[in-house]
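Q: Take a look at this one; I'll ask things after.
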Amino acid sequence: MTDRTHDHSALLQLRNVSRHFGSFRALDEVSLTVRAGARHAIIGPNGAGKSTLFGLISGTLPVTAGSILLDGQDVTRLPVDRRVGLGVAATFQHSSLFLRESVLENVLLALLRRPGGGLGGLRRVAARPQAIAQAHALLDQVGLPTRHELAAAELSHGERRQLEVAVALATDPRLLLLDEPAAGMSPAETARLTALLAALPGEVTVLLVEHDLDMVFELADTVTVMHLGRHLMTGAPDEVRASAAVQSAYLGTTEVPS
Ligand code: ADP
Ligand code: MG
């Protein structure tokens with residue numbers, strides 16, 4: 001079903017989206033448009049509802065009210081796998097890697113989720129030279145070209161997050177959701193991740209939740225600020241930095257750099 005009022009530059013539209021937990025409003029009528037090709041960051045203090053919002057977009061959490069449109073198509077009630085098929089990929093705040101499997105196998109398993117990836121199981125896919133070549137190319141892309149034989153558990157924290165990006169890219173996403181990818185990273189690891197995200201092709205729209213504001217202001221062309229389950233403002237990085245409302249939402253938590 002395609003919506004007549006759909007804005008064609010929008011890849012993702014949230015319309016008055018709410019999520020309640022009992023009587024608690026984790027998200028309260030949030031509306032937001034993410035342009036195709038955007039590098040869009042969502043910032044806001046802990047508890048603002050950022051991860052909840054990602055759950056609603058990826059489909060791991062049902063909405064209480066409101067609607068979610070992907071390219072004009074209402075996906076509000078579609079299950080996760082259908083959304084993956086439409087090009088929504090997420091890395092979560094808590095890692096979802098298979099730690100005992102190798103780095104390469106983690107990417108191969110994700111390639112299986114592609115439309116046409118088939119249900120033949122890892123062994124069948126692994127037998128396909130094309131899938132293996134694709135997995136190696138993805139590991140190159142995220143800066144892990146020599147780590148493929150290690151178990152995922154043996155990677156450093158930063159390398160695991162790089163692998164999570166490769167796993168997300170393996171589903172050939174149009175929309176990549178990254179929830180605090182730089183959390184717990186050293187400055188060098190953050191710099192590597194920032195460079196990798198900056199180099200992603202323009203066809204991949206990026207929606208990023210991140211507390212590292214240097215990273216946000218380096219990558220983002222659009223910034224949304226959330227506070228206590230509400231949308232506070234969306235604008236160009238400079239507008240957001242200059243906003244008094246944003247400064248006050250951050251008082252006592254993180255300073256918005258000037
Ligand atoms: P953020 O990612 O911005 O830090 P979250 O989306 O994780 O915020 O959480 C927003 C609010 O919703 C928080 O107050 C959190 O405690 C609450 N919350 C999140 N998930 C649940 C849940 N499953 N049950 C109850 N409350 C929740
Ligand atoms: Mg969060």
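Within each chain, counting starts at residue 1; across the structure tokens, chains are named A, B, ... in the order shown, with ligands numbered 1 upward in that order.
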Residues within 7 Å of ligand 1 (only C-alpha atoms and all ligand atoms), as JSON, numbers by chain?
A: {"A": [21, 26, 44, 45, 46, 47, 48, 49, 50, 51, 52, 53, 229]}
Q: Find the residues around Arg82 (chain A) up to 10 Å (only C-alpha atoms counted), leave out those fewer than 6 positions away in its own chain, and share them as a list of chain:residue names.
A: A:Ser58, A:Gly59, A:Val75, A:Val88, A:Pro115
Q: Would you export the selected residues with N, CA, C and O atoms as a PDB file, in the first residue's frame, please?
A:
```pdb
ATOM      1  N   SER A  58      13.157  -0.985  13.373  1.00  0.00           N
ATOM      2  CA  SER A  58      13.638  -2.296  12.904  1.00  0.00           C
ATOM      3  C   SER A  58      12.566  -3.374  13.038  1.00  0.00           C
ATOM      4  O   SER A  58      12.618  -4.390  12.367  1.00  0.00           O
ATOM      5  N   GLY A  59      11.596  -3.126  13.925  1.00  0.00           N
ATOM      6  CA  GLY A  59      10.494  -4.075  14.082  1.00  0.00           C
ATOM      7  C   GLY A  59      10.663  -5.034  15.247  1.00  0.00           C
ATOM      8  O   GLY A  59       9.861  -5.945  15.422  1.00  0.00           O
ATOM      9  N   VAL A  75       5.044   0.073   6.915  1.00  0.00           N
ATOM     10  CA  VAL A  75       5.701  -1.135   7.440  1.00  0.00           C
ATOM     11  C   VAL A  75       5.432  -1.296   8.936  1.00  0.00           C
ATOM     12  O   VAL A  75       6.045  -2.154   9.587  1.00  0.00           O
ATOM     13  N   VAL A  88      16.036  -2.745   5.634  1.00  0.00           N
ATOM     14  CA  VAL A  88      16.326  -2.146   6.938  1.00  0.00           C
ATOM     15  C   VAL A  88      17.296  -3.054   7.690  1.00  0.00           C
ATOM     16  O   VAL A  88      17.012  -4.233   7.903  1.00  0.00           O
ATOM     17  N   PRO A 115      17.393 -11.474   0.451  1.00  0.00           N
ATOM     18  CA  PRO A 115      16.386 -12.111  -0.407  1.00  0.00           C
ATOM     19  C   PRO A 115      17.118 -12.979  -1.430  1.00  0.00           C
ATOM     20  O   PRO A 115      18.093 -12.543  -2.021  1.00  0.00           O
TER      21      PRO A 115
END
```
Q: Env of Gln134 (chain A): 9 Å cut, atoms = only C-alpha atoms, seq-sep filter 4 positions within chain, self excluded. Answer as a list in words.
A: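 So the residues in contact are Val107, Leu108, Leu111, Pro129, Gln130, Leu138, Leu139 and Ala170 of chain A.
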Q: Write the residues you've just listed into a file as a PDB file, in the first residue's frame, and include C-alpha atoms for each of them.
A:
```
ATOM      1  CA  VAL A 107      29.145 -12.450   7.716  1.00  0.00           C
ATOM      2  CA  LEU A 108      28.082 -15.564   5.760  1.00  0.00           C
ATOM      3  CA  LEU A 111      24.377 -13.031   3.687  1.00  0.00           C
ATOM      4  CA  PRO A 129      32.709 -19.292  -3.729  1.00  0.00           C
ATOM      5  CA  GLN A 130      30.685 -16.194  -4.591  1.00  0.00           C
ATOM      6  CA  LEU A 138      32.625  -6.893   3.314  1.00  0.00           C
ATOM      7  CA  LEU A 139      35.366  -7.629   5.853  1.00  0.00           C
ATOM      8  CA  ALA A 170      25.603  -8.139   4.295  1.00  0.00           C
TER       9      ALA A 170
END
```
Q: Quick one, how far is CA of Ala249 (chain A) from CA of Asp212 (chain A)?
A: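 The value is 16.1 Å.
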Q: Leaving out Ala36 (chain A) and any residue of its chain fewer than 6 positions from it, which residues lie within 7 Å of it when counting only C-alpha atoms, given as a list in words?
A: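 Answer for this query is Ser9, Ala10, Leu11 and Thr205 of chain A.
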Q: Can you write out the residues you just picked, keeping N, CA, C and O atoms, as a short mmCIF file (atom, residue, chain, number, x, y, z; two decimals), in the first residue's frame?
A:
```cif
data_model
loop_
_atom_site.label_atom_id
_atom_site.label_comp_id
_atom_site.auth_asym_id
_atom_site.auth_seq_id
_atom_site.Cartn_x
_atom_site.Cartn_y
_atom_site.Cartn_z
N SER A 9 11.30 12.31 -1.40
CA SER A 9 12.71 12.34 -1.00
C SER A 9 12.91 11.59 0.32
O SER A 9 14.03 11.38 0.76
N ALA A 10 11.80 11.18 0.95
CA ALA A 10 11.89 10.53 2.25
C ALA A 10 12.07 9.03 2.10
O ALA A 10 11.27 8.38 1.43
N LEU A 11 13.10 8.47 2.70
CA LEU A 11 13.20 7.01 2.74
C LEU A 11 12.38 6.49 3.91
O LEU A 11 11.67 5.50 3.80
N THR A 205 21.46 4.80 3.30
CA THR A 205 21.06 5.89 4.20
C THR A 205 21.43 5.48 5.62
O THR A 205 21.20 4.33 6.01
#
```
Q: Which of region 60-188 of chain A counts as strand (DSSP E) under DSSP, as a list of chain:residue names please?
A: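 Filtering region 60-188 of chain A down to strand (DSSP E) leaves A:Ala65, A:Gly66, A:Ser67, A:Ile68, A:Leu69, A:Leu70, A:Gln73, A:Asp74, A:Val88, A:Ala89, A:Ala90, A:Thr91, A:Leu175, A:Leu176, A:Leu177, A:Leu178, A:Asp179.
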Q: Would you pick out the contacts of Val84 (chain A) at 10 Å or less, using only C-alpha atoms, so that residues sharing its chain but fewer than 3 positions from it are not included, and give the list as a VMD selection string?
A: chain A and resid 58 to 59 79 to 81 87 to 90 113 to 115 168 171 to 175
Q: Could those selected residues go to a file with all heavy atoms, as a CSV table (one decimal), in the first residue's frame?
A:
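Writing done, so here's out18.csv:
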```
chain,number,residue,atom,x,y,z
A,58,SER,N,13.2,-1.0,13.4
A,58,SER,CA,13.6,-2.3,12.9
A,58,SER,C,12.6,-3.4,13.0
A,58,SER,O,12.6,-4.4,12.4
A,58,SER,CB,14.9,-2.7,13.7
A,58,SER,OG,14.6,-2.9,15.0
A,59,GLY,N,11.6,-3.1,13.9
A,59,GLY,CA,10.5,-4.1,14.1
A,59,GLY,C,10.7,-5.0,15.2
A,59,GLY,O,9.9,-5.9,15.4
A,79,PRO,N,6.9,-7.8,10.4
A,79,PRO,CA,7.9,-8.4,11.2
A,79,PRO,C,9.3,-8.1,10.7
A,79,PRO,O,9.5,-7.6,9.6
A,79,PRO,CB,7.6,-9.9,11.1
A,79,PRO,CG,6.9,-10.1,9.8
A,79,PRO,CD,6.1,-8.8,9.6
A,80,VAL,N,10.3,-8.3,11.7
A,80,VAL,CA,11.7,-7.9,11.4
A,80,VAL,C,12.2,-8.4,10.0
A,80,VAL,O,12.7,-7.6,9.3
A,80,VAL,CB,12.6,-8.4,12.5
A,80,VAL,CG1,14.0,-8.2,12.2
A,80,VAL,CG2,12.2,-7.8,13.9
A,81,ASP,N,12.0,-9.7,9.8
A,81,ASP,CA,12.6,-10.3,8.6
A,81,ASP,C,12.0,-9.6,7.3
A,81,ASP,O,12.7,-9.5,6.3
A,81,ASP,CB,12.4,-11.8,8.5
A,81,ASP,CG,13.4,-12.5,9.4
A,81,ASP,OD1,14.3,-11.7,9.9
A,81,ASP,OD2,13.3,-13.7,9.6
A,87,GLY,N,15.1,-3.8,3.2
A,87,GLY,CA,16.4,-3.0,3.2
A,87,GLY,C,16.7,-2.3,4.5
A,87,GLY,O,17.5,-1.4,4.6
A,88,VAL,N,16.0,-2.7,5.6
A,88,VAL,CA,16.3,-2.1,6.9
A,88,VAL,C,17.3,-3.1,7.7
A,88,VAL,O,17.0,-4.2,7.9
A,88,VAL,CB,15.0,-2.0,7.8
A,88,VAL,CG1,15.4,-1.4,9.1
A,88,VAL,CG2,14.0,-1.1,7.0
A,89,ALA,N,18.5,-2.5,8.1
A,89,ALA,CA,19.4,-3.3,8.8
A,89,ALA,C,19.8,-2.5,10.1
A,89,ALA,O,19.9,-1.3,10.0
A,89,ALA,CB,20.7,-3.6,8.0
A,90,ALA,N,20.0,-3.3,11.1
A,90,ALA,CA,20.4,-2.6,12.4
A,90,ALA,C,21.5,-3.3,13.1
A,90,ALA,O,21.7,-4.5,13.0
A,90,ALA,CB,19.1,-2.6,13.3
A,113,ARG,N,20.5,-14.0,5.0
A,113,ARG,CA,19.2,-13.4,5.2
A,113,ARG,C,18.8,-12.5,4.0
A,113,ARG,O,17.7,-12.0,4.0
A,113,ARG,CB,19.3,-12.5,6.4
A,113,ARG,CG,19.6,-13.3,7.7
A,113,ARG,CD,19.6,-12.4,8.9
A,113,ARG,NE,18.2,-12.0,9.3
A,113,ARG,CZ,17.9,-11.1,10.3
A,113,ARG,NH1,18.9,-10.5,10.9
A,113,ARG,NH2,16.7,-10.9,10.6
A,114,ARG,N,19.7,-12.3,3.0
A,114,ARG,CA,19.4,-11.6,1.9
A,114,ARG,C,18.2,-12.3,1.1
A,114,ARG,O,18.2,-13.5,1.1
A,114,ARG,CB,20.6,-11.5,0.9
A,114,ARG,CG,21.5,-10.4,1.2
A,114,ARG,CD,22.5,-10.4,0.1
A,114,ARG,NE,23.4,-9.2,0.3
A,114,ARG,CZ,24.4,-8.9,-0.5
A,114,ARG,NH1,24.7,-9.5,-1.5
A,114,ARG,NH2,25.1,-7.8,-0.1
A,115,PRO,N,17.4,-11.5,0.5
A,115,PRO,CA,16.4,-12.1,-0.4
A,115,PRO,C,17.1,-13.0,-1.4
A,115,PRO,O,18.1,-12.5,-2.0
A,115,PRO,CB,15.7,-10.9,-1.1
A,115,PRO,CG,16.1,-9.7,-0.3
A,115,PRO,CD,17.4,-10.0,0.4
A,168,ALA,N,25.6,-6.1,9.2
A,168,ALA,CA,24.5,-5.3,8.8
A,168,ALA,C,24.5,-5.0,7.3
A,168,ALA,O,23.5,-5.1,6.6
A,168,ALA,CB,24.5,-4.0,9.5
A,171,THR,N,23.2,-7.7,4.5
A,171,THR,CA,21.8,-7.8,4.1
A,171,THR,C,21.5,-6.8,3.0
A,171,THR,O,20.3,-6.6,2.7
A,171,THR,CB,20.9,-7.6,5.3
A,171,THR,OG1,21.0,-6.3,5.9
A,171,THR,CG2,21.2,-8.7,6.4
A,172,ASP,N,22.5,-6.1,2.5
A,172,ASP,CA,22.3,-5.1,1.4
A,172,ASP,C,21.3,-4.0,1.8
A,172,ASP,O,20.3,-3.8,1.0
A,172,ASP,CB,21.8,-5.9,0.2
A,172,ASP,CG,22.1,-5.1,-1.1
A,172,ASP,OD1,22.9,-4.1,-1.1
A,172,ASP,OD2,21.5,-5.5,-2.1
A,173,PRO,N,21.5,-3.3,2.9
A,173,PRO,CA,20.5,-2.4,3.4
A,173,PRO,C,20.4,-1.1,2.6
A,173,PRO,O,21.4,-0.6,2.0
A,173,PRO,CB,21.0,-2.1,4.8
A,173,PRO,CG,22.5,-2.2,4.7
A,173,PRO,CD,22.7,-3.3,3.7
A,174,ARG,N,19.2,-0.5,2.6
A,174,ARG,CA,19.0,0.9,2.1
A,174,ARG,C,19.1,1.8,3.3
A,174,ARG,O,19.3,3.0,3.2
A,174,ARG,CB,17.7,1.0,1.4
A,174,ARG,CG,17.6,0.0,0.2
A,174,ARG,CD,16.2,-0.2,-0.2
A,174,ARG,NE,15.7,1.0,-0.8
A,174,ARG,CZ,14.4,1.3,-0.7
A,174,ARG,NH1,13.5,0.5,-0.2
A,174,ARG,NH2,13.9,2.4,-1.3
A,175,LEU,N,18.7,1.3,4.4
A,175,LEU,CA,18.7,2.0,5.7
A,175,LEU,C,19.5,1.3,6.7
A,175,LEU,O,19.1,0.1,7.1
A,175,LEU,CB,17.2,2.2,6.2
A,175,LEU,CG,17.1,3.0,7.5
A,175,LEU,CD1,17.6,4.4,7.4
A,175,LEU,CD2,15.6,3.0,8.0
```
Q: Work out how far CA of Leu207 (chain A) is from CA of Asn106 (chain A), in Å to one decimal.
A: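 Spanning CA of Asn106 (chain A) to CA of Leu207 (chain A) is a straight-line distance of 22.7 Å.
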Q: Give me the residues near His231 (chain A) as a list in words, where near means some atom within 6 Å (using only C-alpha atoms) and where sequence neighbours in that chain fewer than 2 positions away do not count.
A: Val30, Met226 and Met233 of chain A
Q: Could those selected residues go to a file with C-alpha atoms, as a PDB file, in the first residue's frame?
A:
```pdb
ATOM      1  CA  VAL A  30       7.435  11.393  17.537  1.00  0.00           C
ATOM      2  CA  MET A 226      15.312  13.864  21.530  1.00  0.00           C
ATOM      3  CA  MET A 233      14.354  19.511  17.099  1.00  0.00           C
TER       4      MET A 233
END
```
Q: Please identify the helix (DSSP H, G or I) residues within region 97-175 of chain A (assignment by DSSP from backbone atoms) and present them as number ranges by chain.
A: A: 103-111, 121-126, 129-141, 152-154, 157-169
Q: Between A:Leu69, A:Val167, A:Leu232, A:Ala183, single out the one closest to ligand 2, counting only C-alpha atoms and all ligand atoms.
A: A:Ala183
Q: Can you work out the spacing between CA of Glu239 (chain A) and CA of Arg39 (chain A) in Å, to one decimal?
A: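 Between these atoms lies a distance of 15.7 Å.
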Q: Excluding region 98-103 of chain A and residues on its chain fewer than 3 positions from it, collect all residues at most 7 Å away from it, counting only C-alpha atoms, and give them as a list in words.
A: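 Listing them by chain and then by number gives Asn106, Val107, Arg147, His148, Glu149, Leu150, Ala151, Ala152 and Ala153 of chain A.
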Q: I need the residue nearest Leu104 (chain A) from this list: A:Ser67, A:Thr146, A:Ser243, A:Gln73. Use only C-alpha atoms for the distance.
A: A:Thr146
Q: Given the choices A:Arg230, A:Arg128, A:Arg25, A:Arg160, which gets closest to Met185 (chain A) if the distance is worked out from only C-alpha atoms?
A: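 Going through A:Arg230, A:Arg128, A:Arg25, A:Arg160 one by one, the smallest distance to Met185 (chain A) is for A:Arg160.
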Q: Smallest atom-to-atom distance to ligand 2: which of A:Pro145, A:Glu210, A:Val17, A:Leu193, using only C-alpha atoms and all ligand atoms?
A: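 Closest to ligand 2 of all the choices is A:Glu210.
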Q: Could you tell me which of A:Ser31, A:Ser186, A:Ser23, A:Thr91 comes closest to ligand 2 if we count only C-alpha atoms and all ligand atoms?
A: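 Among the listed residues, A:Thr91 lies closest to ligand 2.
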Q: Identify which of the residues A:Asp7, A:Asp214, A:Glu180, A:Asp74 lies closest to ligand 2, counting only C-alpha atoms and all ligand atoms when measuring atom-to-atom distances.
A: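 Of A:Asp7, A:Asp214, A:Glu180, A:Asp74, the one nearest ligand 2 is A:Glu180, counting only C-alpha atoms and all ligand atoms.
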